[in-house]
$ cat structure_20.cif   # mmCIF, C-alpha atoms (C1' of nucleotides)
data_upload
#
loop_
_atom_site.label_atom_id
_atom_site.label_comp_id
_atom_site.auth_asym_id
_atom_site.auth_seq_id
_atom_site.Cartn_x
_atom_site.Cartn_y
_atom_site.Cartn_z
CA MET A 436 23.96 -12.27 -3.88
CA THR A 437 23.20 -15.97 -3.72
CA LYS A 438 26.53 -17.12 -5.06
CA ALA A 439 24.57 -19.23 -7.61
CA ASN A 440 25.22 -22.53 -6.02
CA LYS A 441 28.72 -23.71 -5.73
CA SER A 442 27.98 -27.31 -6.61
CA LYS A 443 29.69 -28.06 -9.90
CA GLN A 444 26.74 -29.86 -11.43
CA ALA A 445 23.84 -27.89 -10.07
CA THR A 446 22.35 -27.12 -13.45
CA ILE A 447 21.92 -30.72 -14.55
CA ALA A 448 18.53 -32.08 -14.24
CA PHE A 449 15.85 -29.84 -15.65
CA LYS A 450 13.66 -31.07 -18.37
CA ALA A 451 12.51 -28.08 -20.38
CA ASN A 452 9.20 -28.99 -18.83
CA ASP A 453 8.79 -25.60 -17.26
CA GLU A 454 6.28 -23.65 -19.29
CA THR A 455 4.63 -22.38 -16.16
CA LEU A 456 7.88 -21.01 -14.81
CA GLN A 457 8.82 -19.52 -18.16
CA SER A 458 5.65 -17.47 -18.29
CA PHE A 459 5.88 -16.51 -14.61
CA LEU A 460 6.98 -12.89 -14.86
CA GLY A 461 7.40 -12.38 -11.11
CA TYR A 462 9.99 -15.15 -11.02
CA HIS A 463 12.12 -13.59 -13.73
CA LEU A 464 11.84 -10.12 -12.29
CA LYS A 465 12.87 -11.40 -8.90
CA ARG A 466 15.93 -13.19 -10.20
CA GLY A 467 16.88 -10.20 -12.33
CA PHE A 468 16.47 -7.81 -9.46
CA ASN A 469 18.49 -10.12 -7.20
CA VAL A 470 21.40 -9.85 -9.59
CA VAL A 471 21.12 -6.09 -9.93
CA GLN A 472 20.78 -5.67 -6.19
CA GLY A 473 23.76 -7.93 -5.51
CA ASP A 474 25.93 -6.08 -7.98
CA LEU A 475 24.80 -2.78 -6.52
CA THR A 476 25.65 -3.86 -2.99
CA LYS A 477 29.17 -4.76 -4.02
CA THR A 478 29.55 -1.56 -6.01
CA LEU A 479 28.40 0.64 -3.14
CA LYS A 480 30.43 -1.09 -0.43
CA PRO A 481 33.56 1.08 -0.93
CA PHE A 482 31.39 4.15 -0.32
CA GLU A 483 29.78 2.56 2.73
CA LEU A 484 26.40 2.91 1.10
CA ARG A 485 23.60 0.40 0.58
CA MET A 486 20.90 0.57 -2.07
CA LEU A 487 18.59 2.34 0.37
CA THR A 488 21.07 4.96 1.56
CA TYR A 489 22.29 5.49 -2.01
CA THR A 490 18.76 5.97 -3.31
CA ALA A 491 17.92 8.36 -0.50
CA LEU A 492 21.10 10.35 -1.14
CA THR A 493 20.31 10.49 -4.86
CA LEU A 494 16.87 11.87 -4.22
CA ILE A 495 18.09 14.41 -1.67
CA VAL A 496 20.92 15.65 -3.90
CA ASP A 497 18.56 16.06 -6.83
CA ASN A 498 15.63 17.47 -4.85
CA PRO A 499 17.04 19.67 -2.11
CA GLY A 500 14.53 20.63 0.55
CA LEU A 501 12.23 17.66 0.22
CA SER A 502 10.61 16.23 3.33
CA GLN A 503 10.96 12.77 4.81
CA SER A 504 7.40 11.93 3.81
CA GLN A 505 8.08 12.84 0.23
CA LEU A 506 11.30 10.88 0.30
CA ALA A 507 9.60 7.81 1.79
CA ASP A 508 6.96 8.08 -0.90
CA ALA A 509 9.53 8.33 -3.67
CA MET A 510 11.40 5.35 -2.26
CA ASP A 511 8.26 3.31 -1.81
CA ILE A 512 8.96 2.58 1.85
CA GLU A 513 7.08 3.42 5.02
CA ARG A 514 8.09 6.56 6.89
CA PRO A 515 9.24 4.73 10.01
CA ASN A 516 11.75 2.79 7.95
CA LEU A 517 13.17 5.94 6.48
CA VAL A 518 14.14 7.40 9.85
CA VAL A 519 17.21 5.23 10.37
CA ILE A 520 18.32 5.81 6.79
CA VAL A 521 18.15 9.58 7.17
CA ASP A 522 19.77 9.28 10.60
CA GLU A 523 22.69 7.45 9.07
CA LEU A 524 23.19 9.95 6.28
CA GLU A 525 22.97 12.82 8.73
CA GLN A 526 25.44 11.26 11.17
CA ARG A 527 27.89 10.81 8.34
CA GLU A 528 27.34 14.48 7.52
CA LEU A 529 26.24 13.69 4.00
CA ILE A 530 22.95 15.52 4.47
CA THR A 531 21.39 18.09 6.80
CA ARG A 532 17.99 18.06 8.44
CA ASP A 533 16.53 21.55 8.88
CA ARG A 534 13.13 22.43 10.25
CA VAL A 535 10.88 24.00 7.63
CA PRO A 536 10.01 27.52 8.92
CA THR A 537 6.55 27.45 7.41
CA ASP A 538 5.75 23.99 8.80
CA ARG A 539 7.76 23.22 11.87
CA ARG A 540 6.68 19.58 11.88
CA ALA A 541 8.63 18.81 8.72
CA TYR A 542 12.32 18.58 7.94
CA ALA A 543 13.90 19.95 4.79
CA LEU A 544 16.54 17.49 3.67
CA ARG A 545 19.59 18.83 1.87
CA SER A 546 22.90 17.33 0.84
CA THR A 547 26.15 18.72 2.22
CA LEU A 548 29.20 19.32 0.05
CA LYS A 549 30.67 16.14 1.49
CA GLY A 550 27.47 14.32 0.53
CA GLN A 551 27.57 15.71 -2.98
CA HIS A 552 31.16 14.64 -3.46
CA LEU A 553 30.56 11.11 -2.23
CA PHE A 554 27.42 10.95 -4.33
CA LYS A 555 29.29 12.01 -7.45
CA ARG A 556 31.83 9.24 -7.05
CA ALA A 557 29.17 6.67 -6.18
CA VAL A 558 27.05 7.55 -9.20
CA ALA A 559 30.03 7.10 -11.48
CA ALA A 560 30.66 3.64 -10.05
CA VAL A 561 27.00 2.61 -10.19
CA THR A 562 26.61 3.83 -13.76
CA LEU A 563 29.65 1.87 -14.83
CA HIS A 564 28.45 -1.29 -13.12
CA GLU A 565 24.95 -1.04 -14.52
CA GLN A 566 26.40 -0.50 -17.97
CA ALA A 567 28.48 -3.64 -17.56
CA LEU A 568 25.50 -5.61 -16.32
CA PHE A 569 23.23 -4.45 -19.13
CA GLN A 570 25.92 -4.72 -21.76
CA GLY A 571 24.49 -6.53 -24.76
CA ILE A 572 21.04 -5.18 -24.02
CA ASP A 573 20.39 -2.33 -26.38
CA PRO A 574 19.39 1.11 -25.08
CA GLU A 575 15.88 0.88 -26.53
CA THR A 576 15.23 -2.32 -24.62
CA ARG A 577 16.48 -0.65 -21.47
CA THR A 578 14.09 2.22 -22.05
CA LEU A 579 11.32 -0.28 -22.67
CA ILE A 580 12.05 -2.04 -19.40
CA VAL A 581 12.01 1.21 -17.43
CA SER A 582 8.76 2.37 -18.95
CA ALA A 583 7.18 -1.03 -18.40
CA MET A 584 8.17 -0.85 -14.72
CA LYS A 585 6.56 2.58 -14.52
CA GLN A 586 3.39 1.41 -16.23
CA ILE A 587 3.04 -1.43 -13.76
CA GLN A 588 3.25 1.04 -10.93
CA LEU A 589 0.51 3.19 -12.39
CA ARG A 590 -1.72 0.17 -12.78
CA ALA A 591 -1.08 -0.90 -9.21
CA ALA A 592 -1.86 2.60 -7.95
CA LYS A 593 -5.10 2.57 -9.93
CA ASP A 594 -6.11 -0.84 -8.61
CA SER A 595 -5.66 0.18 -4.98
CA ARG A 596 -8.08 3.11 -5.25
CA MET B 886 2.85 -3.57 -0.75
CA THR B 887 3.76 -0.12 0.45
CA LYS B 888 0.32 1.34 0.07
CA ALA B 889 1.95 4.19 -1.94
CA ASN B 890 1.60 6.81 0.68
CA LYS B 891 -1.77 7.77 1.86
CA SER B 892 -1.09 11.49 2.04
CA LYS B 893 -3.25 13.14 -0.57
CA GLN B 894 -0.57 15.44 -1.89
CA ALA B 895 2.51 13.28 -1.63
CA THR B 896 3.44 13.69 -5.27
CA ILE B 897 3.81 17.45 -5.14
CA ALA B 898 7.26 18.74 -5.06
CA PHE B 899 9.55 17.10 -7.53
CA LYS B 900 11.38 19.16 -10.03
CA ALA B 901 12.05 16.97 -13.03
CA ASN B 902 15.60 17.38 -11.83
CA ASP B 903 16.15 13.68 -11.47
CA GLU B 904 18.25 12.51 -14.39
CA THR B 905 20.33 10.35 -12.09
CA LEU B 906 17.28 8.57 -10.78
CA GLN B 907 15.81 8.17 -14.24
CA SER B 908 18.86 6.32 -15.47
CA PHE B 909 19.17 4.25 -12.28
CA LEU B 910 17.94 0.89 -13.47
CA GLY B 911 18.09 -0.77 -10.06
CA TYR B 912 15.62 1.77 -8.71
CA HIS B 913 13.05 1.09 -11.42
CA LEU B 914 13.46 -2.65 -11.20
CA LYS B 915 13.00 -2.52 -7.46
CA ARG B 916 9.82 -0.48 -7.66
CA GLY B 917 8.46 -2.66 -10.44
CA PHE B 918 9.26 -5.82 -8.58
CA ASN B 919 7.67 -4.39 -5.43
CA VAL B 920 4.41 -3.99 -7.31
CA VAL B 921 4.54 -7.45 -8.86
CA GLN B 922 5.44 -9.00 -5.52
CA GLY B 923 2.65 -7.15 -3.74
CA ASP B 924 0.09 -8.19 -6.30
CA LEU B 925 1.35 -11.75 -6.13
CA THR B 926 1.08 -11.84 -2.36
CA LYS B 927 -2.55 -10.76 -2.52
CA THR B 928 -3.29 -13.19 -5.33
CA LEU B 929 -1.77 -16.13 -3.50
CA LYS B 930 -3.34 -15.39 -0.12
CA PRO B 931 -6.55 -17.40 -0.80
CA PHE B 932 -4.37 -20.43 -1.50
CA GLU B 933 -2.29 -19.81 1.62
CA LEU B 934 0.81 -19.54 -0.53
CA ARG B 935 3.57 -16.94 -0.66
CA MET B 936 5.81 -16.19 -3.61
CA LEU B 937 8.43 -18.57 -2.22
CA THR B 938 6.11 -21.49 -1.55
CA TYR B 939 4.34 -20.94 -4.88
CA THR B 940 7.61 -20.89 -6.79
CA ALA B 941 8.83 -24.02 -5.01
CA LEU B 942 5.54 -25.79 -5.77
CA THR B 943 5.74 -24.75 -9.41
CA LEU B 944 9.21 -26.18 -9.77
CA ILE B 945 8.33 -29.40 -7.98
CA VAL B 946 5.18 -29.97 -10.03
CA ASP B 947 7.04 -29.40 -13.27
CA ASN B 948 10.19 -31.27 -12.28
CA PRO B 949 9.18 -34.24 -10.16
CA GLY B 950 12.05 -35.91 -8.34
CA LEU B 951 14.33 -32.92 -8.08
CA SER B 952 16.44 -32.48 -4.96
CA GLN B 953 16.43 -29.66 -2.45
CA SER B 954 19.81 -28.48 -3.68
CA GLN B 955 18.55 -28.26 -7.21
CA LEU B 956 15.43 -26.49 -6.05
CA ALA B 957 17.40 -23.99 -3.96
CA ASP B 958 19.59 -23.34 -6.97
CA ALA B 959 16.60 -22.80 -9.26
CA MET B 960 15.05 -20.46 -6.72
CA ASP B 961 18.28 -18.57 -6.15
CA ILE B 962 18.17 -19.02 -2.39
CA GLU B 963 20.49 -20.77 0.05
CA ARG B 964 19.71 -24.35 1.00
CA PRO B 965 19.12 -23.59 4.67
CA ASN B 966 16.37 -21.18 3.74
CA LEU B 967 14.65 -23.75 1.59
CA VAL B 968 14.18 -26.20 4.43
CA VAL B 969 11.28 -24.38 6.07
CA ILE B 970 9.62 -23.86 2.70
CA VAL B 971 9.75 -27.54 1.86
CA ASP B 972 8.67 -28.36 5.42
CA GLU B 973 5.60 -26.22 4.98
CA LEU B 974 4.61 -27.76 1.65
CA GLU B 975 5.15 -31.24 3.04
CA GLN B 976 3.11 -30.58 6.17
CA ARG B 977 0.28 -29.34 4.03
CA GLU B 978 0.60 -32.55 2.03
CA LEU B 979 1.16 -30.69 -1.19
CA ILE B 980 4.44 -32.49 -1.81
CA THR B 981 6.28 -35.62 -0.66
CA ARG B 982 9.90 -36.01 0.38
CA ASP B 983 11.33 -39.41 -0.51
CA ARG B 984 14.88 -40.59 -0.03
CA VAL B 985 16.66 -41.19 -3.32
CA PRO B 986 17.65 -44.88 -3.38
CA THR B 987 20.83 -44.23 -5.35
CA ASP B 988 21.91 -41.37 -3.09
CA ARG B 989 20.49 -41.66 0.35
CA ARG B 990 21.62 -38.17 1.35
CA ALA B 991 19.18 -36.52 -1.02
CA TYR B 992 15.43 -36.18 -1.11
CA ALA B 993 13.34 -36.56 -4.25
CA LEU B 994 10.61 -33.94 -4.15
CA ARG B 995 7.29 -34.75 -5.79
CA SER B 996 3.90 -33.09 -5.79
CA THR B 997 0.86 -34.91 -4.45
CA LEU B 998 -2.49 -34.89 -6.21
CA LYS B 999 -3.65 -32.36 -3.66
CA GLY B 1000 -0.60 -30.24 -4.46
CA GLN B 1001 -1.27 -30.48 -8.18
CA HIS B 1002 -4.87 -29.41 -7.76
CA LEU B 1003 -3.99 -26.44 -5.58
CA PHE B 1004 -1.22 -25.54 -7.98
CA LYS B 1005 -3.55 -25.62 -10.97
CA ARG B 1006 -5.94 -23.18 -9.34
CA ALA B 1007 -3.12 -20.94 -8.12
CA VAL B 1008 -1.50 -20.78 -11.55
CA ALA B 1009 -4.79 -19.71 -13.11
CA ALA B 1010 -5.11 -16.89 -10.59
CA VAL B 1011 -1.50 -15.78 -10.94
CA THR B 1012 -1.68 -15.82 -14.73
CA LEU B 1013 -4.81 -13.70 -14.67
CA HIS B 1014 -3.30 -11.20 -12.26
CA GLU B 1015 -0.04 -10.91 -14.18
CA GLN B 1016 -2.01 -10.38 -17.36
CA ALA B 1017 -3.94 -7.57 -15.67
CA LEU B 1018 -0.75 -6.03 -14.33
CA PHE B 1019 1.03 -6.18 -17.67
CA GLN B 1020 -2.01 -5.18 -19.65
CA GLY B 1021 -0.99 -2.47 -22.10
CA ILE B 1022 2.49 -3.89 -22.35
CA ASP B 1023 2.69 -5.84 -25.56
CA PRO B 1024 3.81 -9.48 -25.58
CA GLU B 1025 7.06 -8.71 -27.41
CA THR B 1026 8.05 -6.26 -24.71
CA ARG B 1027 7.26 -8.86 -22.10
CA THR B 1028 9.46 -11.35 -23.90
CA LEU B 1029 12.17 -8.71 -24.12
CA ILE B 1030 11.99 -8.09 -20.40
CA VAL B 1031 12.24 -11.78 -19.58
CA SER B 1032 15.20 -12.34 -21.86
CA ALA B 1033 16.92 -9.23 -20.50
CA MET B 1034 16.50 -10.59 -16.97
CA LYS B 1035 18.03 -13.88 -18.10
CA GLN B 1036 20.94 -12.14 -19.80
CA ILE B 1037 21.72 -10.20 -16.66
CA GLN B 1038 21.89 -13.44 -14.73
CA LEU B 1039 24.33 -14.96 -17.19
CA ARG B 1040 26.53 -11.91 -16.94
CA ALA B 1041 26.46 -12.01 -13.16
CA ALA B 1042 27.35 -15.71 -13.18
CA LYS B 1043 30.25 -14.97 -15.51
CA ASP B 1044 31.51 -12.10 -13.35
CA SER B 1045 31.61 -14.21 -10.21
CA ARG B 1046 33.86 -16.88 -11.72
"C1'" DT C 799 37.26 -35.55 1.69
"C1'" DA C 800 32.93 -33.76 -0.42
"C1'" DT C 801 27.94 -33.25 -0.57
"C1'" DT C 802 22.82 -33.29 1.21
"C1'" DG C 803 20.03 -31.64 4.27
"C1'" DT C 804 19.70 -29.50 8.82
"C1'" DT C 805 20.07 -26.31 12.97
"C1'" DA C 806 21.16 -22.11 14.94
"C1'" DT C 807 21.78 -17.54 14.32
"C1'" DA C 808 22.18 -12.84 12.72
"C1'" DC C 809 21.30 -9.16 9.62
"C1'" DT C 810 18.52 -6.42 6.41
"C1'" DC C 811 14.26 -4.83 4.76
"C1'" DT C 812 9.58 -4.16 5.65
"C1'" DA C 813 4.93 -3.15 8.03
"C1'" DT C 814 1.91 -1.63 11.87
"C1'" DA C 815 0.51 0.68 16.05
"C1'" DA C 816 1.04 4.25 19.11
"C1'" DC C 817 3.26 8.27 20.57
"C1'" DT C 818 4.96 13.77 20.28
"C1'" DA C 819 4.80 18.09 18.34
"C1'" DT C 820 3.01 20.90 15.42
"C1'" DA C 821 -0.79 22.44 12.17
"C1'" DT D 301 -8.77 16.61 13.89
"C1'" DA D 302 -4.94 15.69 10.74
"C1'" DT D 303 -0.05 15.46 9.48
"C1'" DA D 304 5.36 14.96 10.15
"C1'" DG D 305 8.41 12.51 12.29
"C1'" DT D 306 9.52 9.06 15.85
"C1'" DT D 307 9.75 4.73 18.73
"C1'" DA D 308 9.02 0.06 19.47
"C1'" DT D 309 8.24 -4.11 17.60
"C1'" DA D 310 7.30 -8.06 14.73
"C1'" DG D 311 7.61 -10.48 10.59
"C1'" DA D 312 9.52 -11.82 6.28
"C1'" DG D 313 13.62 -13.00 3.49
"C1'" DT D 314 18.37 -13.90 3.31
"C1'" DA D 315 23.35 -15.37 4.46
"C1'" DT D 316 26.93 -17.91 7.12
"C1'" DA D 317 28.95 -21.44 10.07
"C1'" DA D 318 28.82 -25.87 11.90
"C1'" DC D 319 26.88 -30.36 12.27
"C1'" DA D 320 25.08 -35.52 11.10
"C1'" DA D 321 24.45 -38.78 7.60
"C1'" DT D 322 25.89 -40.48 3.43
"C1'" DA D 323 28.83 -40.69 -0.68
#

$ encode --input "structure_20.cif" --output "structure tokens"
Amino acid sequence: MTKANKSKQATIAFKANDETLQSFLGYHLKRGFNVVQGDLTKTLKPFELRMLTYTALTLIVDNPGLSQSQLADAMDIERPNLVVIVDELEQRELITRDRVPTDRRAYALRSTLKGQHLFKRAVAAVTLHEQALFQGIDPETRTLIVSAMKQIQLRAAKDSR
Amino acid sequence: MTKANKSKQATIAFKANDETLQSFLGYHLKRGFNVVQGDLTKTLKPFELRMLTYTALTLIVDNPGLSQSQLADAMDIERPNLVVIVDELEQRELITRDRVPTDRRAYALRSTLKGQHLFKRAVAAVTLHEQALFQGIDPETRTLIVSAMKQIQLRAAKDSR
DNA sequence: TATTGTTATACTCTATAACTATA
DNA sequence: TATAGTTATAGAGTATAACAATA
């Protein structure tokens, strides 16, 4: 999103004296994610969705009946932060929130037809944009990246036991 | 950082009905980056550094004399947001801010000895932690990930022309 | 006129504590 | 007691507009 500075000669002065930075994985992941996130934001704007609402909708469409706790877990955010997201999707009538008969504390989240239709169009747009962004990166590398990201998560989960 | 929910049975209910999610690269990158960022935050805490201050320090140590504009550009953040970061590093006497004689609008940023020593210790810790996190992911894959992240950035820069 | 650094400000995302209603 | 969802709140990180000093 950071319109990669507008100054015409911003990329002048670096000596290739940056071994530390080059091997700093967090730095590269951050910059990469920034780009992906920025592209995603633009792509989702016509649908009035953000990354968070889009991700939530995706999970609800594909896993009808899941609870807010499960959704928060899948999205790696705290439950309090999910409330407004679910509120928004519900107000726009993209999803429904029904009490679970067997556990009246929990909500079963389900997408509406309207939600499914919007989702379908949004997915198409996102897929196209991600393809464009990752064009020139072969499918195997993409798979490698995804599985590396998953492995990192497993390791982190293990470490925090 | 999102202590991957504490509920003991959070990972119950998913049908493997999540093709859309599986192919959603932004989602995986976000989760992966979350883990890396969380680990980094913990690793840098003893040095009283955050990812942003650590990255700034890295760039200043390796590129003495660079300006705040150049630094903001390298860090992919807006100049106003860099000010407090540089303020913090200067107040802690990890860097100096000298007026550039040939262009008295700009500051030349340089690390102090104290900054270099702190940096050296921080880098060692970060390197160790990233190695642990990416353990099991072979070096070639790591290189692939980094170059993929760079390619994405080039594409984004091209698209915003 | 344009650029460097700055201030003020607002918005998004995130994290924690404390509450309610159900279990 | 413990869990699901909620409210309130605070803290990061980020983006924009407008300004002073300098080019």

$ resolve_selection --input "structure_20.cif" --expression "the PyMOL selection byres ((chain B) within 12 of (chain C))" --output "list of chain:residue names"
B:Met886, B:Thr887, B:Lys888, B:Asn919, B:Ser952, B:Gln953, B:Ser954, B:Gln955, B:Ala957, B:Glu963, B:Arg964, B:Pro965, B:Asn966, B:Leu967, B:Val968, B:Val969, B:Val971, B:Asp972, B:Arg982, B:Arg984, B:Val985, B:Asp988, B:Arg989, B:Arg990, B:Ala991, B:Tyr992, B:Ala993

$ atom_distance --input "structure_20.cif" --atom1 "atom CA of B:Ala1010" --atom2 "atom CA of B:Leu942"
14.7 Å

$ resolve_selection --input "structure_20.cif" --expression "the PyMOL selection byres ((chain A and resi 561-576) around 7)" --output "MDAnalysis selection string"
(chainID A and resid 475 478 557:560 577:580) or (chainID B and resid 1033 1037 1040)

$ closest_residue --input "structure_20.cif" --among "B:Asp983, B:Glu978, B:Glu973, B:Asp903" --to "chain A" --atoms "all atoms listed in the file"
B:Asp903

$ interface_residues --input "structure_20.cif" --of "chain D" --to "chain B" --cutoff "8 Å" --atoms "all atoms listed in the file" --output "list in words"
DT314, DA315, DA321, DT322 and DA323 of chain D

$ atom_distance --input "structure_20.cif" --atom1 "atom CA of A:Asn498" --atom2 "atom CA of A:Arg545"
7.9 Å

$ axis_aligned_box --input "structure_20.cif" --around "stretch 301-320 of chain D" --padding-each-side "4 Å" --output "JSON"
{"center_x": 10.1, "center_y": -9.5, "center_z": 11.4, "size_x": 45.7, "size_y": 60.1, "size_z": 24.2}

$ closest_residue --input "structure_20.cif" --among "B:Leu934, B:Leu929, B:Ala959, B:Leu994" --to "chain A" --atoms "only C-alpha atoms"
B:Ala959

$ atom_distance --input "structure_20.cif" --atom1 "atom CA of A:His463" --atom2 "atom CA of B:Pro931"
23.0 Å

$ closest_residue --input "structure_20.cif" --among "A:Leu524, A:Lys465, A:Thr488, A:Thr531" --to "chain B" --atoms "only C-alpha atoms"
A:Lys465

$ residues_around --input "structure_20.cif" --residues "B:Leu944" --least-positions-apart "3" --cutoff "8 Å" --atoms "all atoms listed in the file" --output "VMD selection string"
(chain A and resid 453 456) or (chain B and resid 940 to 941 947 to 948 956)

$ residues_around --input "structure_20.cif" --residues "A:Phe554" --least-positions-apart "6" --cutoff "9 Å" --atoms "all atoms listed in the file" --output "MDAnalysis selection string"
chainID A and resid 482 489 492:493 496 529

$ build_atoms --input "structure_20.cif" --residues "stretch 931-953 of chain B" --atoms "N, CA and C atoms" --output "mmCIF file, in the frame of the given file"
data_model
loop_
_atom_site.group_PDB
_atom_site.id
_atom_site.type_symbol
_atom_site.label_atom_id
_atom_site.label_comp_id
_atom_site.auth_asym_id
_atom_site.auth_seq_id
_atom_site.Cartn_x
_atom_site.Cartn_y
_atom_site.Cartn_z
ATOM 1 N N PRO B 931 -5.463 -16.421 -0.909
ATOM 2 C CA PRO B 931 -6.550 -17.400 -0.800
ATOM 3 C C PRO B 931 -6.060 -18.840 -0.828
ATOM 4 N N PHE B 932 -4.907 -19.069 -1.430
ATOM 5 C CA PHE B 932 -4.370 -20.430 -1.500
ATOM 6 C C PHE B 932 -3.393 -20.703 -0.362
ATOM 7 N N GLU B 933 -3.258 -19.724 0.524
ATOM 8 C CA GLU B 933 -2.290 -19.810 1.620
ATOM 9 C C GLU B 933 -0.881 -20.097 1.111
ATOM 10 N N LEU B 934 -0.545 -19.425 0.023
ATOM 11 C CA LEU B 934 0.810 -19.540 -0.530
ATOM 12 C C LEU B 934 1.462 -18.173 -0.540
ATOM 13 N N ARG B 935 2.804 -18.172 -0.463
ATOM 14 C CA ARG B 935 3.570 -16.940 -0.660
ATOM 15 C C ARG B 935 4.349 -17.119 -1.957
ATOM 16 N N MET B 936 5.040 -16.070 -2.383
ATOM 17 C CA MET B 936 5.810 -16.190 -3.610
ATOM 18 C C MET B 936 6.783 -17.369 -3.506
ATOM 19 N N LEU B 937 7.432 -17.509 -2.365
ATOM 20 C CA LEU B 937 8.430 -18.570 -2.220
ATOM 21 C C LEU B 937 7.819 -19.962 -2.256
ATOM 22 N N THR B 938 6.716 -20.162 -1.546
ATOM 23 C CA THR B 938 6.110 -21.490 -1.550
ATOM 24 C C THR B 938 5.477 -21.787 -2.921
ATOM 25 N N TYR B 939 4.927 -20.758 -3.547
ATOM 26 C CA TYR B 939 4.340 -20.940 -4.880
ATOM 27 C C TYR B 939 5.411 -21.304 -5.902
ATOM 28 N N THR B 940 6.519 -20.608 -5.855
ATOM 29 C CA THR B 940 7.610 -20.890 -6.790
ATOM 30 C C THR B 940 8.155 -22.297 -6.574
ATOM 31 N N ALA B 941 8.336 -22.669 -5.313
ATOM 32 C CA ALA B 941 8.830 -24.020 -5.010
ATOM 33 C C ALA B 941 7.847 -25.058 -5.547
ATOM 34 N N LEU B 942 6.563 -24.845 -5.296
ATOM 35 C CA LEU B 942 5.540 -25.790 -5.770
ATOM 36 C C LEU B 942 5.561 -25.894 -7.287
ATOM 37 N N THR B 943 5.657 -24.763 -7.951
ATOM 38 C CA THR B 943 5.740 -24.750 -9.410
ATOM 39 C C THR B 943 6.875 -25.641 -9.896
ATOM 40 N N LEU B 944 8.035 -25.436 -9.312
ATOM 41 C CA LEU B 944 9.210 -26.180 -9.770
ATOM 42 C C LEU B 944 9.084 -27.669 -9.466
ATOM 43 N N ILE B 945 8.471 -27.994 -8.336
ATOM 44 C CA ILE B 945 8.330 -29.400 -7.980
ATOM 45 C C ILE B 945 7.295 -30.096 -8.871
ATOM 46 N N VAL B 946 6.193 -29.397 -9.137
ATOM 47 C CA VAL B 946 5.180 -29.970 -10.030
ATOM 48 C C VAL B 946 5.768 -30.236 -11.411
ATOM 49 N N ASP B 947 6.522 -29.267 -11.909
ATOM 50 C CA ASP B 947 7.040 -29.400 -13.270
ATOM 51 C C ASP B 947 8.298 -30.254 -13.377
ATOM 52 N N ASN B 948 8.946 -30.497 -12.251
ATOM 53 C CA ASN B 948 10.190 -31.270 -12.280
ATOM 54 C C ASN B 948 10.213 -32.315 -11.172
ATOM 55 N N PRO B 949 9.298 -33.279 -11.251
ATOM 56 C CA PRO B 949 9.180 -34.240 -10.160
ATOM 57 C C PRO B 949 10.492 -34.985 -9.944
ATOM 58 N N GLY B 950 10.851 -35.149 -8.672
ATOM 59 C CA GLY B 950 12.050 -35.910 -8.340
ATOM 60 C C GLY B 950 13.279 -35.058 -8.081
ATOM 61 N N LEU B 951 13.128 -33.751 -8.296
ATOM 62 C CA LEU B 951 14.330 -32.920 -8.080
ATOM 63 C C LEU B 951 14.692 -32.842 -6.600
ATOM 64 N N SER B 952 15.931 -32.510 -6.333
ATOM 65 C CA SER B 952 16.440 -32.480 -4.960
ATOM 66 C C SER B 952 16.328 -31.069 -4.383
ATOM 67 N N GLN B 953 16.510 -30.972 -3.081
ATOM 68 C CA GLN B 953 16.430 -29.660 -2.450
ATOM 69 C C GLN B 953 17.546 -28.737 -2.923
#
